[in-house]
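To start, the structure itself, in structure tokens.
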Amino acid sequence: MAGQITGAEAVLQALNDGVAIDRVLVDREKDTEEIRRLCQERQIPLEEGSTNDLWRMSAAGHVDALALVGRFQTDSMDELMSRGGTIWFFDGVTYSTNLGFAIRAAEVSGANGVVLNVAKTHEERRTIRRASMRADRFIPVIYSNTEEILQCAKKHNLTIISAEDVGDRAPWDVDMSGNILLVVGAEREGVSKATLDASDYIVRLPMDGFVPSYNLQVAVSVLTVEALKQRIG
């Protein structure tokens with residue numbers, strides 16, 4: 001699970017104590033020179049933000065610095081999946097704003113990474129970043145193809161859990177506390193047949209209305225909260 005160290009004094013102490021820190025955020029308008037120096041010495045990525053940025057990201061209100069722990073960045077899907085935890089696969093999802101929302105939800109819920117099997121232009125990726133509130137700074141987002149994603153998940157013994165209306169159980173009836181690949185498909189096509197065939201479990205969100213489908217954002221929201229509840233519970 002990811003976590004944070006809040007406040008310049010606590011961040012400095014953690015840096016001096018040799019705590020494994022993945023990334024530091026500082027208020028660009030505050031004096032954080034010593035934190036900057038230590039991050040540069042130890043090659044810890046450092047981000048600048050506004051006072052409002054840090055307030056929105058902090059679990060403790062207004063602070064001048066944050067350190068992220070239990071969170072890493074990688075461009076390698078093999079490395080990502082070898083670490084396990086909760087990894088999201090948005091199978092065939094094409095709308096950039098939906099992908100941005102989904103990436104933000106994954107990051108907020110403490111997931112280890114996101115994998116996508118859709119090609120995106122540079123401009124589309126910028127739209128995704130904006131819609132995610134630039135959450136891709138703090139979570140790996142890796143573009144690949146369905147075959148490679150599924151093969152890598154199997155190689156690293158991830159339990160593949162897909163959400164689709166052909167599911168035979170509710171999300172809370174499946175153990176999501178281990179190393180899992182959580183799959184949500186595009187709103188029109190749903191999860192691909194190849195992914196469904198490779199799934200260990202197919203879950204279905206309970207519905208009791210005439211329109212037999214939640215939109216993607218609802219499905220992602222339900223699964224993020226359920227996976228997080230199980231992991232911290």
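Residues are named by chain letter and number: chains run A, B, ... in the order of the structure tokens, numbers start at 1 in each chain, and ligands are numbered from 1 in the order shown.
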
I want to know what sits within 10 Å of Val203 (chain A), based on only C-alpha atoms, with residues of the same chain fewer than 4 positions away left out; could you give that as a list in words? Ile161, Ser162, Ala163, Glu164, Asp165, Val166, Gly167, Asp168, Arg169, Ala170, Pro171, Trp172, Asp173, Val174, Val183 and Leu223 of chain A

For those residues, write C-alpha atoms to a file as an mmCIF file, in the first residue's frame.
data_model
loop_
_atom_site.group_PDB
_atom_site.id
_atom_site.type_symbol
_atom_site.label_atom_id
_atom_site.label_comp_id
_atom_site.auth_asym_id
_atom_site.auth_seq_id
_atom_site.Cartn_x
_atom_site.Cartn_y
_atom_site.Cartn_z
ATOM 1 C CA ILE A 161 -10.688 -10.651 -12.014
ATOM 2 C CA SER A 162 -12.900 -9.214 -14.752
ATOM 3 C CA ALA A 163 -16.105 -7.240 -14.271
ATOM 4 C CA GLU A 164 -18.748 -8.150 -16.845
ATOM 5 C CA ASP A 165 -22.495 -8.797 -16.959
ATOM 6 C CA VAL A 166 -21.877 -12.526 -17.504
ATOM 7 C CA GLY A 167 -20.270 -12.736 -14.078
ATOM 8 C CA ASP A 168 -21.437 -15.393 -11.646
ATOM 9 C CA ARG A 169 -20.675 -13.629 -8.353
ATOM 10 C CA ALA A 170 -20.507 -10.175 -6.764
ATOM 11 C CA PRO A 171 -17.151 -8.369 -6.337
ATOM 12 C CA TRP A 172 -17.234 -8.848 -2.552
ATOM 13 C CA ASP A 173 -17.487 -12.613 -3.034
ATOM 14 C CA VAL A 174 -13.966 -12.732 -4.507
ATOM 15 C CA VAL A 183 -10.227 -5.703 -15.493
ATOM 16 C CA LEU A 223 -14.216 -2.093 -7.635
#

Which of region 41-179 of chain A counts as helix (DSSP H, G or I) under DSSP, as an MDAnalysis selection string please? chainID A and resid 41 51:57 77:83 96:108 122:131 135:137 146:155 171:173

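With only C-alpha atoms as the atoms that count, the residue of A:Ser132, A:Ser213, A:Ser82, A:Asn112 with the shortest distance to Leu158 (chain A) is A:Ser82.
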
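Within the 9 Å cut-off around Cys152 (chain A), using only C-alpha atoms and omitting residues fewer than 3 positions from it on the same chain, the listed residues are Met77, Asp78, Met81, Ser82, Glu147, Glu148, Ile149, Lys155, His156, Asn157 and Leu158 of chain A.
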
From the options A:Val218, A:Ala227, A:Ile160, A:Ala59, which residue's atoms come nearest to Ile202 (chain A), counting only C-alpha atoms? A:Ile160

Considering only strand (DSSP E) as DSSP defines it on the backbone, what residues of region 12-178 of chain A qualify? List them as a short mmCIF file (atom, residue, chain, number, x, y, z; two decimals) with N, CA and C atoms, in the first residue's frame.
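The resulting result_14.cif:
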data_model
loop_
_atom_site.label_atom_id
_atom_site.label_comp_id
_atom_site.auth_asym_id
_atom_site.auth_seq_id
_atom_site.Cartn_x
_atom_site.Cartn_y
_atom_site.Cartn_z
N ARG A 23 9.16 9.38 -4.01
CA ARG A 23 9.00 10.69 -4.66
C ARG A 23 8.67 11.73 -3.60
N VAL A 24 9.13 12.94 -3.82
CA VAL A 24 8.85 14.04 -2.89
C VAL A 24 8.16 15.17 -3.65
N LEU A 25 7.17 15.78 -3.01
CA LEU A 25 6.50 16.95 -3.55
C LEU A 25 6.72 18.12 -2.60
N VAL A 26 7.07 19.29 -3.16
CA VAL A 26 7.30 20.46 -2.32
C VAL A 26 6.50 21.64 -2.87
N ASP A 27 6.13 22.54 -1.98
CA ASP A 27 5.47 23.77 -2.34
C ASP A 27 6.51 24.70 -2.97
N LEU A 46 11.74 14.60 -7.49
CA LEU A 46 11.10 15.69 -6.75
C LEU A 46 10.18 16.46 -7.68
N GLU A 47 8.97 16.75 -7.20
CA GLU A 47 7.97 17.51 -7.95
C GLU A 47 7.68 18.80 -7.20
N GLU A 48 7.49 19.88 -7.96
CA GLU A 48 7.04 21.13 -7.38
C GLU A 48 5.55 21.31 -7.64
N GLY A 49 4.87 21.93 -6.70
CA GLY A 49 3.46 22.22 -6.90
C GLY A 49 3.07 23.49 -6.17
N ALA A 65 5.48 20.15 2.28
CA ALA A 65 6.18 19.06 1.61
C ALA A 65 5.49 17.74 1.90
N LEU A 66 5.57 16.85 0.93
CA LEU A 66 5.04 15.49 1.06
C LEU A 66 6.08 14.51 0.53
N ALA A 67 6.20 13.36 1.18
CA ALA A 67 7.02 12.27 0.65
C ALA A 67 6.12 11.07 0.43
N LEU A 68 6.24 10.45 -0.73
CA LEU A 68 5.45 9.27 -1.04
C LEU A 68 6.29 8.03 -0.81
N VAL A 69 5.72 7.05 -0.11
CA VAL A 69 6.41 5.79 0.16
C VAL A 69 5.51 4.64 -0.31
N THR A 86 -2.35 -4.62 -6.39
CA THR A 86 -3.50 -4.40 -7.27
C THR A 86 -3.05 -3.67 -8.53
N ILE A 87 -3.28 -4.29 -9.67
CA ILE A 87 -2.96 -3.69 -10.96
C ILE A 87 -4.24 -3.66 -11.78
N TRP A 88 -4.48 -2.56 -12.47
CA TRP A 88 -5.69 -2.39 -13.26
C TRP A 88 -5.41 -2.55 -14.74
N PHE A 89 -6.34 -3.21 -15.44
CA PHE A 89 -6.28 -3.35 -16.90
C PHE A 89 -7.60 -2.80 -17.44
N PHE A 90 -7.52 -1.67 -18.14
CA PHE A 90 -8.71 -1.09 -18.75
C PHE A 90 -8.76 -1.55 -20.21
N ASP A 91 -9.48 -2.63 -20.41
CA ASP A 91 -9.45 -3.42 -21.64
C ASP A 91 -10.29 -2.76 -22.75
N GLY A 113 -0.37 -0.08 -10.29
CA GLY A 113 -0.17 0.37 -11.66
C GLY A 113 -1.39 0.14 -12.51
N VAL A 114 -1.32 0.66 -13.75
CA VAL A 114 -2.38 0.54 -14.74
C VAL A 114 -1.76 0.09 -16.05
N VAL A 115 -2.43 -0.85 -16.74
CA VAL A 115 -2.00 -1.25 -18.08
C VAL A 115 -3.15 -1.03 -19.05
N LEU A 116 -2.80 -0.59 -20.27
CA LEU A 116 -3.79 -0.25 -21.28
C LEU A 116 -3.43 -0.95 -22.59
N VAL A 141 1.72 3.88 -15.68
CA VAL A 141 0.67 3.68 -16.69
C VAL A 141 1.38 3.17 -17.95
N ILE A 142 1.15 1.89 -18.27
CA ILE A 142 1.93 1.23 -19.33
C ILE A 142 1.01 0.81 -20.47
N TYR A 143 1.39 1.18 -21.68
CA TYR A 143 0.64 0.82 -22.88
C TYR A 143 1.23 -0.44 -23.49
N THR A 159 -4.01 -13.10 -9.98
CA THR A 159 -5.39 -13.55 -10.15
C THR A 159 -6.11 -12.52 -11.01
N ILE A 160 -6.65 -12.97 -12.15
CA ILE A 160 -7.31 -12.06 -13.07
C ILE A 160 -8.81 -12.03 -12.75
N ILE A 161 -9.29 -10.85 -12.40
CA ILE A 161 -10.69 -10.65 -12.01
C ILE A 161 -11.31 -9.64 -12.97
N SER A 162 -12.24 -10.09 -13.78
CA SER A 162 -12.90 -9.21 -14.75
C SER A 162 -14.31 -8.88 -14.29
N ALA A 163 -14.74 -7.66 -14.58
CA ALA A 163 -16.11 -7.24 -14.27
C ALA A 163 -16.90 -7.22 -15.57
#

List as a list in words the protein and nucleic acid residues near Arg37 (chain A), meaning an atom at most 12 Å away when only C-alpha atoms are counted, but skip any in the same chain fewer than 3 places from it. Leu12, Leu15, Asn16, Val24, Asp31, Thr32, Glu33, Glu34, Gln40, Glu41, Arg42, Gln43, Ile44, Pro45 and Leu46 of chain A

Please dump the current selection as a PDB file, in the first residue's frame; keep C-alpha atoms.
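As a result, result31.pdb now contains:
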ATOM      1  CA  LEU A  12      13.541  15.928   6.314  1.00  0.00           C
ATOM      2  CA  LEU A  15      15.393  11.599   4.404  1.00  0.00           C
ATOM      3  CA  ASN A  16      18.027  11.815   7.150  1.00  0.00           C
ATOM      4  CA  VAL A  24       8.853  14.038  -2.895  1.00  0.00           C
ATOM      5  CA  ASP A  31      11.744  27.339   1.549  1.00  0.00           C
ATOM      6  CA  THR A  32      12.516  23.644   1.042  1.00  0.00           C
ATOM      7  CA  GLU A  33      16.148  23.957  -0.009  1.00  0.00           C
ATOM      8  CA  GLU A  34      17.449  21.232   2.328  1.00  0.00           C
ATOM      9  CA  GLN A  40      19.238  15.442  -5.473  1.00  0.00           C
ATOM     10  CA  GLU A  41      21.982  13.653  -3.514  1.00  0.00           C
ATOM     11  CA  ARG A  42      19.898  10.483  -3.226  1.00  0.00           C
ATOM     12  CA  GLN A  43      18.395  10.701  -6.711  1.00  0.00           C
ATOM     13  CA  ILE A  44      14.842  10.792  -5.379  1.00  0.00           C
ATOM     14  CA  PRO A  45      12.411  12.316  -7.903  1.00  0.00           C
ATOM     15  CA  LEU A  46      11.104  15.686  -6.745  1.00  0.00           C
TER      16      LEU A  46
END

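Closest to Arg71 (chain A) among A:Gly18, A:Gly7, A:Gly92, A:Pro140 is A:Pro140, based on only C-alpha atoms.
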
Rank A:Met133, A:Leu150, A:Val225, A:Val220 by their smallest atom-to-atom distance to Thr195 (chain A), using only C-alpha atoms, and report the top residue only. A:Leu150

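Of the residues listed (A:Gly233, A:Gly70, A:Gly100, A:Gly209), A:Gly70 shows the shortest atom-to-atom separation from Asp22 (chain A); distances use only C-alpha atoms.
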
Spatial neighbours of Val108 (chain A), 9 Å, only C-alpha atoms, chain gap at least 3 places, as a list in words: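 Using only C-alpha atoms, the neighbours found are Ile103, Arg104, Ala105, Ala111, Ala135 and Thr224 of chain A.
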
So which one's closest to His122 (chain A), A:Asp53, A:Ala219, A:Glu187, A:Ser96? Using only C-alpha atoms, please. A:Ser96

d(CA of Asn179 (chain A), CA of Val118 (chain A)) in Å: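 Taking CA of Asn179 (chain A) and CA of Val118 (chain A), their separation equals 23.6 Å.
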